[in-house]
Amino acid sequence: MPGSGRPPDVTVLPWSRPPSTTRDHGVDLRSVELDVADQGSANAAVGAILAESDRIDVVVHNAGHMVLGWLGAFTPEQLHEVFDVNAAATQRVNRAVLPHLRAQGDGLLLWVGLSITCGGTWPCFGACFAVGAVVGSLAVTYAAEVGGFGIDITVVVPGAFTSGTNHFAHSGRAVDTTVADAYGVRCAGLLDQVGACLAEVTSLNADSAEVAVVIVGVAGTPRGQRLFRVHIEPTDDGAETVNGVGGLVRTAFYQRIGLQDLLGPRLAWALIGRWTIGALG
């Protein structure tokens, strides 16, 4: 694609916006009780789905809670809770569902990850960066371990959408206010400044619904052709570039040690609308 700054291997994926409501489009949508902080609940939820439907095709890991504040003001116990809800929860669900997917020889595990773990990071989001890095590492390792069972792994990486969600409004805060106040002596107003800067660099046309569009597109892609990582980045924080380099390094290393058969889909690039979406296996 001349002038795009992308590698010559460019694919335009025909993804379209999903139906706005289930009722208007005749979708059979059902809910199941699931506490991601409890392994028994995860096991029961998967069992209930299998009892009704006999199979599971796609698992989307999107449970999580944003926390903001000076990293030094988070207690170890608070960080443990953040990691439990945002990272360990995916492991509980995976342990419940993977035996079925392995036996089935088919399926998709899809993580909604974070661009800020390797892009242009900013202060007061350190707890989110850390847990996002853990989730990303889990996905990379799972991709190598379950691909031989016919299971695809995809990480959808949204950037910072400052409108259309309640992440910032409902985010948690570091609980040690004494430490937070000590930081504020020298850096008062920094958290508000970061939020304002993010809003300034984010396009007014940024629509968080595009994340759902991408997830639908990934789920509808044939097995073995899904991209490992897909970026939707309204702030252009550099995560796509960093992940791209990391993917090339990982690919070269796997080839050097003779494990190239464990690699996922080939390096590819795609453009959807105005958002740049990079992916690599």
# chains A, B, ... in the order shown; residues from 1 in each chain; ligands from 1
>>> residues_around(residues="stretch 80-94 of chain A", least_positions_apart="5", cutoff="7 Å", atoms="only C-alpha atoms", output="list in words")
Val36, Ala37, Gln39, Ala42, His61, Ala63, Gly64, His65, Val131, Val134 and Val135 of chain A
>>> select_by_dssp(residues="stretch 15-177 of chain A", states="alpha helix (DSSP H)", output="PyMOL selection string")
chain A and resi 22-25+39-53+76-83+89-104+126-146+177
>>> atom_distance(atom1="atom CA of A:Tyr142", atom2="atom CA of A:Gly107")
12.8 Å
>>> residues_around(residues="A:Val58", least_positions_apart="5", cutoff="9 Å", atoms="only C-alpha atoms", output="list in words")
Gly107, Leu108, Leu109, Leu110 and Ala219 of chain A
>>> select_by_dssp(residues="stretch 31-212 of chain A", states="strand (DSSP E)", output="ChimeraX atom specification")
/A:58-61,67-68,107-112,151-158,172-173
>>> atom_distance(atom1="atom CA of A:Ala144", atom2="atom CA of A:Ala130")
22.1 Å
>>> closest_residue(among="A:Gly217, A:Gly189, A:Pro76, A:Gly172", to="A:Pro123", atoms="only C-alpha atoms")
A:Gly189
>>> closest_residue(among="A:Leu98, A:Val179, A:Ala45, A:Leu191", to="A:Asp57", atoms="only C-alpha atoms")
A:Leu98
>>> atom_distance(atom1="atom CA of A:Asn243", atom2="atom CA of A:Arg173")
28.7 Å
>>> residues_around(residues="A:Gly136", least_positions_apart="3", cutoff="10 Å", atoms="only C-alpha atoms", output="PyMOL selection string")
chain A and resi 87+111-115+117+131-133+139-142+155+157+229
>>> closest_residue(among="A:Arg55, A:Asn43, A:Arg30, A:Arg102", to="A:Glu145", atoms="only C-alpha atoms")
A:Arg102
